[in-house]
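Just below is one structure, and these are the notes that go with it.
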Amino acid sequence: MLIKNALRYGNICTLEPEKNISPPTEMLIDIIAGARPNFIKIAPIIEAIEAQQRRGVAIEYRLVHTGQHYDKKMSGDFFEQLGIPDPHINLEAGSGSQAEQTGKIMLGYERLLLQTPCDLCVVVGDVTSTMACSIAAKKINNIKVAHVEGGIRSGDWTMPEEINRIVTDAITDYFFTTSEVANNNLRKTGVTEDRIFFVGNTMIDTLYKQMPRFMQPAIWQTYGLQEKAYIVMTLHRPANVDNGDKLRELINEIINSSKGLPVIFPVHPRTAKMLESIGLDKSNIHAVDPLSYLEFNYLVRAAKAVITDSGGITEETTVMGVPCMTLRDSTERPETCVVGTNELIGTDPKNIAPAFEKLFAGEWKKGAIPELWDGKTAERIVSRIINIFGSD
Ligand code: UDP
């Protein structure tokens with residue numbers, strides 16, 4: 001359990017409220033992070049808050065790690081590489097079923113808020129922690145909730161993330177959005193303009209900031225990789241990895257279509273077990289542990305293409321101009337397809353060979369960078385929050 005300033009911020013280890021807690025005099029913002037993509041999205045927000053503090057603004061934050069992702073490769077490495085301070089609180093939710101994890105996070109966060117409430121709960125993205133903490137905050141004294149990356153929708157209700165998005169947005173007060181499509185999705189549900197702030201993409205703030213520090217991973221040598229002569233692959237959505245036959249078919253098709261180029265496959269923990277059961281012997285696909293942020297994006301930037309079912313990676317490939325094939329039938333980030341380098345290939349293995357043919361024929365679109373994905377999103381968010389709360 002990590003507790004910094006435990007007296008001030010409350011310690012969720014104990015059910016008893018701490019004695020003699022003096023409430024913060026400044027505005028207190030909770031920043032919630034639980035899973036890999038969250039860490040990348042919160043890093044620049046924390047930095048922007050600290051910049052405002054240095055300017056003398058009375059704003060304080062409490063970093064709450066829910067413990068949804070807890071091992072070094074999915075959590076610790078990101079804190080280290082991205083310079084994220086140690087969390088003030090770790091709810092240590094760990095893994096479990098959807099309901100189990102949601103319940104544990106809600107209980108832990110509720111306990112913390114009962115000890116020391118915050119003025120604003122900032123959630124990012126679309127993971128279980130996003131939904132669980134926004135519900136807990138809203139139900140405790142109607143604490144205001146801000147959703148960074150609000151309004152995006154895939155329309156696919158079989159995705160747990162889509163449920164997280166819908167539930168979170170139903171109780172969010174302030175929406176910080178990445179695209180005009182997201183703004184429109186919110187308008188359609190009756191959200192008024194004064195609660196929608198089109199600010200850009202904090203994941204891209206991190207990408208721009210860290211680009212000069214990208215690091216060649218050791219596997220570059222192990223597999224004799226060369227610029228633009230290998231593919232990077234990531235898969236973790238239930239639709240692709242929870243059924244062994246489906247996963248095997250997808251992988252076989254990628255092996256058959258990729259002309260023997262090395263395919264580097266950093267394996268998400270949720271995919272690892274199934275992959276082990278189907279085996280990958282004697283192929284050009286190299287399964288490796290999840291890579292650190294700086295190593296992974298070094299690989300992506302120099303890759304011939306990326307094949308993925310991730311959401312965040314389609315945004316990063318768009319900004320780095322790397323062709324991206326997405327093994328999904330829908331996306332909540334349509335700008336990566338309309339403006340960027342992403343193409344939805346679908347989940348039918350038959351679609352993989354034609355996509356590779358297009359890539360090898362040099363016919364993949366070049367793409368452009370979506371509006372406001374300029375590295376300054378977190379500054380806009382924090383300025384806006386100060387504005388809102390200053391005038392409340
Ligand atoms: N990522 C990483 N190492 C890896 C795979 C991904 O650092 O081995 C980063 C990637 O650059 C992106 C984020 O993790 O910033 C995407 O996370 P994930 O695909 O788990 O989540 P999603 O975006 O699908 O919600």
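In the structure tokens, each chain is lettered A, B, ... as it comes, each chain's residues begin at 1, and ligands are numbered from 1 in order of appearance.
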
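Using only C-alpha atoms, the contacts of Val338 in chain A at a cut-off of 10 Å, with sequence neighbours closer than 6 positions omitted, comprise Gly367, Ala368 and Pro370 of chain A.
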
Open item on the list: Can you pull out every residue with an atom within 10 Å of ligand 1? Use only C-alpha atoms and all ligand atoms and format it as a ChimeraX atom specification.
Closed with: /A:35-41,73-75,77-78,125-127,161,203-204,206-207,232-237,264-270,288-300,308-317

Would you export the selected residues with C-alpha atoms as a PDB file, in the first residue's frame, please?
```
ATOM      1  CA  ALA A  35      -4.777   0.445 -15.968  1.00  0.00           C
ATOM      2  CA  ARG A  36      -1.961   0.845 -18.496  1.00  0.00           C
ATOM      3  CA  PRO A  37      -3.640   3.290 -20.882  1.00  0.00           C
ATOM      4  CA  ASN A  38      -4.711   5.454 -17.894  1.00  0.00           C
ATOM      5  CA  PHE A  39      -1.142   6.038 -16.768  1.00  0.00           C
ATOM      6  CA  ILE A  40      -0.224   7.418 -20.173  1.00  0.00           C
ATOM      7  CA  LYS A  41      -3.252   9.743 -20.112  1.00  0.00           C
ATOM      8  CA  LYS A  73       5.235  -4.373 -16.718  1.00  0.00           C
ATOM      9  CA  MET A  74       1.678  -3.029 -16.800  1.00  0.00           C
ATOM     10  CA  SER A  75       2.011  -0.359 -14.105  1.00  0.00           C
ATOM     11  CA  ASP A  77       7.406   0.795 -15.453  1.00  0.00           C
ATOM     12  CA  PHE A  78       5.011   3.481 -16.691  1.00  0.00           C
ATOM     13  CA  GLY A 125     -10.485   6.654 -20.631  1.00  0.00           C
ATOM     14  CA  ASP A 126     -12.833   3.717 -20.452  1.00  0.00           C
ATOM     15  CA  VAL A 127     -11.574   1.104 -18.023  1.00  0.00           C
ATOM     16  CA  GLU A 161     -15.280  -0.553 -22.322  1.00  0.00           C
ATOM     17  CA  MET A 203      -2.310  10.374 -24.734  1.00  0.00           C
ATOM     18  CA  ILE A 204      -0.793  12.354 -27.579  1.00  0.00           C
ATOM     19  CA  THR A 206       2.616  12.065 -23.647  1.00  0.00           C
ATOM     20  CA  LEU A 207       3.616  10.728 -27.052  1.00  0.00           C
ATOM     21  CA  VAL A 232       4.129  -4.873 -34.415  1.00  0.00           C
ATOM     22  CA  MET A 233       1.048  -6.706 -33.200  1.00  0.00           C
ATOM     23  CA  THR A 234      -1.080  -6.343 -30.038  1.00  0.00           C
ATOM     24  CA  LEU A 235      -4.309  -8.180 -29.242  1.00  0.00           C
ATOM     25  CA  HIS A 236      -6.347  -8.139 -26.058  1.00  0.00           C
ATOM     26  CA  ARG A 237     -10.043  -7.647 -26.828  1.00  0.00           C
ATOM     27  CA  ILE A 264       6.702  -8.633 -32.758  1.00  0.00           C
ATOM     28  CA  PHE A 265       3.830  -9.484 -30.451  1.00  0.00           C
ATOM     29  CA  PRO A 266       4.011  -7.977 -26.939  1.00  0.00           C
ATOM     30  CA  VAL A 267       1.439 -10.112 -25.206  1.00  0.00           C
ATOM     31  CA  HIS A 268      -1.148  -8.484 -22.920  1.00  0.00           C
ATOM     32  CA  PRO A 269      -1.674 -10.501 -19.696  1.00  0.00           C
ATOM     33  CA  ARG A 270      -5.283 -11.199 -20.715  1.00  0.00           C
ATOM     34  CA  VAL A 288       7.306 -11.163 -25.988  1.00  0.00           C
ATOM     35  CA  ASP A 289       6.338  -9.681 -22.611  1.00  0.00           C
ATOM     36  CA  PRO A 290       4.529  -6.334 -22.649  1.00  0.00           C
ATOM     37  CA  LEU A 291       7.109  -3.656 -23.412  1.00  0.00           C
ATOM     38  CA  SER A 292       7.731  -0.439 -21.541  1.00  0.00           C
ATOM     39  CA  TYR A 293       6.228   2.690 -23.091  1.00  0.00           C
ATOM     40  CA  LEU A 294       9.513   4.049 -24.453  1.00  0.00           C
ATOM     41  CA  GLU A 295      10.482   0.708 -25.979  1.00  0.00           C
ATOM     42  CA  PHE A 296       7.069  -0.087 -27.384  1.00  0.00           C
ATOM     43  CA  ASN A 297       6.731   3.235 -29.147  1.00  0.00           C
ATOM     44  CA  TYR A 298      10.305   3.042 -30.465  1.00  0.00           C
ATOM     45  CA  LEU A 299       9.219  -0.189 -32.144  1.00  0.00           C
ATOM     46  CA  VAL A 300       5.944   1.261 -33.412  1.00  0.00           C
ATOM     47  CA  THR A 308      -3.928  -4.321 -33.269  1.00  0.00           C
ATOM     48  CA  ASP A 309      -7.276  -4.294 -31.511  1.00  0.00           C
ATOM     49  CA  SER A 310      -6.215  -1.567 -29.066  1.00  0.00           C
ATOM     50  CA  GLY A 311      -7.827   1.859 -29.038  1.00  0.00           C
ATOM     51  CA  GLY A 312      -4.932   3.992 -27.859  1.00  0.00           C
ATOM     52  CA  ILE A 313      -2.441   2.454 -30.258  1.00  0.00           C
ATOM     53  CA  THR A 314      -4.548   3.525 -33.264  1.00  0.00           C
ATOM     54  CA  GLU A 315      -4.164   7.112 -32.037  1.00  0.00           C
ATOM     55  CA  GLU A 316      -0.408   6.817 -31.614  1.00  0.00           C
ATOM     56  CA  THR A 317       0.079   5.224 -35.055  1.00  0.00           C
TER      57      THR A 317
END
```

TODO: Tell me, in Å to one decimal, how far CA of Gly94 in chain A is from CA of Ile152 in chain A.
DONE: 26.4 Å

Task: Surrounding residues of range 376-388 of chain A excluding itself and chain neighbours under 3 positions, 10 Å, only C-alpha atoms, as a VMD selection string - done: chain A and resid 27 29 41 to 52 57 to 59 120 146 148 174 to 178 197 to 206 208 372 to 373 391 to 392

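One distance worth recording is that between CA of Gln216 in chain A and CA of Ala303 in chain A, which is 12.2 Å.
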
TODO: Could you check which of A:Ser97, A:Glu332, A:Ile171, A:Glu357 is closest to Val191 in chain A, using only C-alpha atoms?
DONE: A:Ile171

For range 358-361 of chain A, list every protein, DNA or RNA residue within 10 Å, evaluated using only C-alpha atoms, and leave out those in the same chain fewer than 2 positions away; present the list as an mmCIF file with N, CA, C and O atoms, in the first residue's frame.
```cif
data_model
loop_
_atom_site.group_PDB
_atom_site.id
_atom_site.type_symbol
_atom_site.label_atom_id
_atom_site.label_comp_id
_atom_site.auth_asym_id
_atom_site.auth_seq_id
_atom_site.Cartn_x
_atom_site.Cartn_y
_atom_site.Cartn_z
ATOM 1 N N SER A 258 2.115 -12.151 -44.043
ATOM 2 C CA SER A 258 3.118 -11.144 -43.697
ATOM 3 C C SER A 258 4.475 -11.379 -44.357
ATOM 4 O O SER A 258 5.473 -10.740 -43.977
ATOM 5 N N LYS A 259 4.516 -12.251 -45.353
ATOM 6 C CA LYS A 259 5.711 -12.497 -46.179
ATOM 7 C C LYS A 259 6.964 -12.761 -45.350
ATOM 8 O O LYS A 259 8.067 -12.332 -45.710
ATOM 9 N N LYS A 304 6.924 -1.290 -40.087
ATOM 10 C CA LYS A 304 6.279 -1.159 -41.395
ATOM 11 C C LYS A 304 4.786 -0.945 -41.197
ATOM 12 O O LYS A 304 4.143 -0.183 -41.922
ATOM 13 N N ALA A 305 4.236 -1.627 -40.200
ATOM 14 C CA ALA A 305 2.811 -1.477 -39.900
ATOM 15 C C ALA A 305 2.540 -2.044 -38.518
ATOM 16 O O ALA A 305 3.361 -2.772 -37.954
ATOM 17 N N PRO A 323 1.170 2.868 -40.758
ATOM 18 C CA PRO A 323 -0.040 2.146 -41.158
ATOM 19 C C PRO A 323 -0.550 1.252 -40.022
ATOM 20 O O PRO A 323 0.233 0.580 -39.357
ATOM 21 N N CYS A 324 -1.863 1.277 -39.816
ATOM 22 C CA CYS A 324 -2.428 0.507 -38.706
ATOM 23 C C CYS A 324 -3.643 -0.285 -39.176
ATOM 24 O O CYS A 324 -4.582 0.286 -39.742
ATOM 25 N N MET A 325 -3.597 -1.601 -38.974
ATOM 26 C CA MET A 325 -4.742 -2.464 -39.304
ATOM 27 C C MET A 325 -5.414 -2.822 -37.989
ATOM 28 O O MET A 325 -4.785 -3.411 -37.110
ATOM 29 N N ALA A 353 -5.430 -10.929 -45.417
ATOM 30 C CA ALA A 353 -4.549 -11.016 -46.595
ATOM 31 C C ALA A 353 -4.685 -9.783 -47.503
ATOM 32 O O ALA A 353 -3.667 -9.174 -47.881
ATOM 33 N N PRO A 354 -5.912 -9.356 -47.845
ATOM 34 C CA PRO A 354 -6.021 -8.163 -48.707
ATOM 35 C C PRO A 354 -5.407 -6.914 -48.069
ATOM 36 O O PRO A 354 -4.819 -6.083 -48.776
ATOM 37 N N ALA A 355 -5.507 -6.808 -46.753
ATOM 38 C CA ALA A 355 -4.930 -5.623 -46.084
ATOM 39 C C ALA A 355 -3.405 -5.643 -46.231
ATOM 40 O O ALA A 355 -2.785 -4.617 -46.523
ATOM 41 N N PHE A 356 -2.796 -6.812 -46.046
ATOM 42 C CA PHE A 356 -1.333 -6.895 -46.203
ATOM 43 C C PHE A 356 -0.926 -6.624 -47.655
ATOM 44 O O PHE A 356 0.097 -5.990 -47.910
ATOM 45 N N GLU A 363 0.208 1.050 -50.940
ATOM 46 C CA GLU A 363 -1.014 1.828 -51.167
ATOM 47 C C GLU A 363 -1.707 2.252 -49.879
ATOM 48 O O GLU A 363 -2.867 2.656 -49.902
ATOM 49 N N TRP A 364 -1.013 2.131 -48.768
ATOM 50 C CA TRP A 364 -1.667 2.512 -47.510
ATOM 51 C C TRP A 364 -1.746 4.031 -47.420
ATOM 52 O O TRP A 364 -0.815 4.732 -47.814
ATOM 53 N N LYS A 365 -2.847 4.539 -46.873
ATOM 54 C CA LYS A 365 -2.999 6.001 -46.776
ATOM 55 C C LYS A 365 -1.946 6.609 -45.852
ATOM 56 O O LYS A 365 -1.492 5.955 -44.910
#
```

TODO: Kindly indicate which residue among A:Gly151, A:Gly108, A:Pro160, A:Gly260 lies nearest to Gly190 in chain A, using only C-alpha atoms for the distances.
DONE: A:Gly151

- [ ] For Ala93 in chain A, please output as a PyMOL selection string all residues within 7 Å (counting only C-alpha atoms; exclusion window: fewer than 5 positions along the same chain).
- [x] chain A and resi 66-68+101+104-105

Keeping only N, CA and C atoms, write the selected residues as a PDB file, in the first residue's frame.
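The resulting again-v5.pdb:
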```pdb
ATOM      1  N   THR A  66      -6.016   2.613  -8.566  1.00  0.00           N
ATOM      2  CA  THR A  66      -7.002   1.630  -8.086  1.00  0.00           C
ATOM      3  C   THR A  66      -6.401   0.235  -7.968  1.00  0.00           C
ATOM      4  N   GLY A  67      -5.242   0.009  -8.595  1.00  0.00           N
ATOM      5  CA  GLY A  67      -4.624  -1.310  -8.516  1.00  0.00           C
ATOM      6  C   GLY A  67      -5.216  -2.312  -9.505  1.00  0.00           C
ATOM      7  N   GLN A  68      -5.953  -1.792 -10.506  1.00  0.00           N
ATOM      8  CA  GLN A  68      -6.535  -2.702 -11.515  1.00  0.00           C
ATOM      9  C   GLN A  68      -5.419  -3.422 -12.277  1.00  0.00           C
ATOM     10  N   GLN A 101     -14.156  -6.595  -9.561  1.00  0.00           N
ATOM     11  CA  GLN A 101     -13.223  -5.474  -9.656  1.00  0.00           C
ATOM     12  C   GLN A 101     -13.954  -4.147  -9.436  1.00  0.00           C
ATOM     13  N   LYS A 104     -14.785  -3.806  -5.742  1.00  0.00           N
ATOM     14  CA  LYS A 104     -13.626  -3.515  -4.880  1.00  0.00           C
ATOM     15  C   LYS A 104     -13.183  -2.068  -5.031  1.00  0.00           C
ATOM     16  N   ILE A 105     -13.172  -1.598  -6.273  1.00  0.00           N
ATOM     17  CA  ILE A 105     -12.719  -0.215  -6.508  1.00  0.00           C
ATOM     18  C   ILE A 105     -13.710   0.768  -5.887  1.00  0.00           C
TER      19      ILE A 105
END
```

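Using only C-alpha atoms for every distance, the candidate list A:Asn90, A:Ala33, A:Lys139, A:Ala170 yields A:Ala33 as the residue closest to Val124 in chain A.
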
Open item on the list: Can you pull out every residue from range 160-241 of chain A that DSSP, working from the backbone, puts in helix (DSSP H, G or I), and format the result as a PyMOL selection string?
Closed with: chain A and resi 160-171+180-188+193-195+202-213+219-222+238-241

Open item on the list: From a backbone DSSP assignment, name each residue in range 278-360 of chain A labelled strand (DSSP E), as a ChimeraX atom specification.
Closed with: /A:285-288,305-308,324-326,342-344

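Closest approach to Met131 in chain A from the set A:Ala272, A:Leu327, A:Val167, A:Leu113 is made by A:Val167, with distances taken over only C-alpha atoms.
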
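Here CA of Arg111 in chain A stands at a distance of 23.6 Å from CA of Arg165 in chain A.
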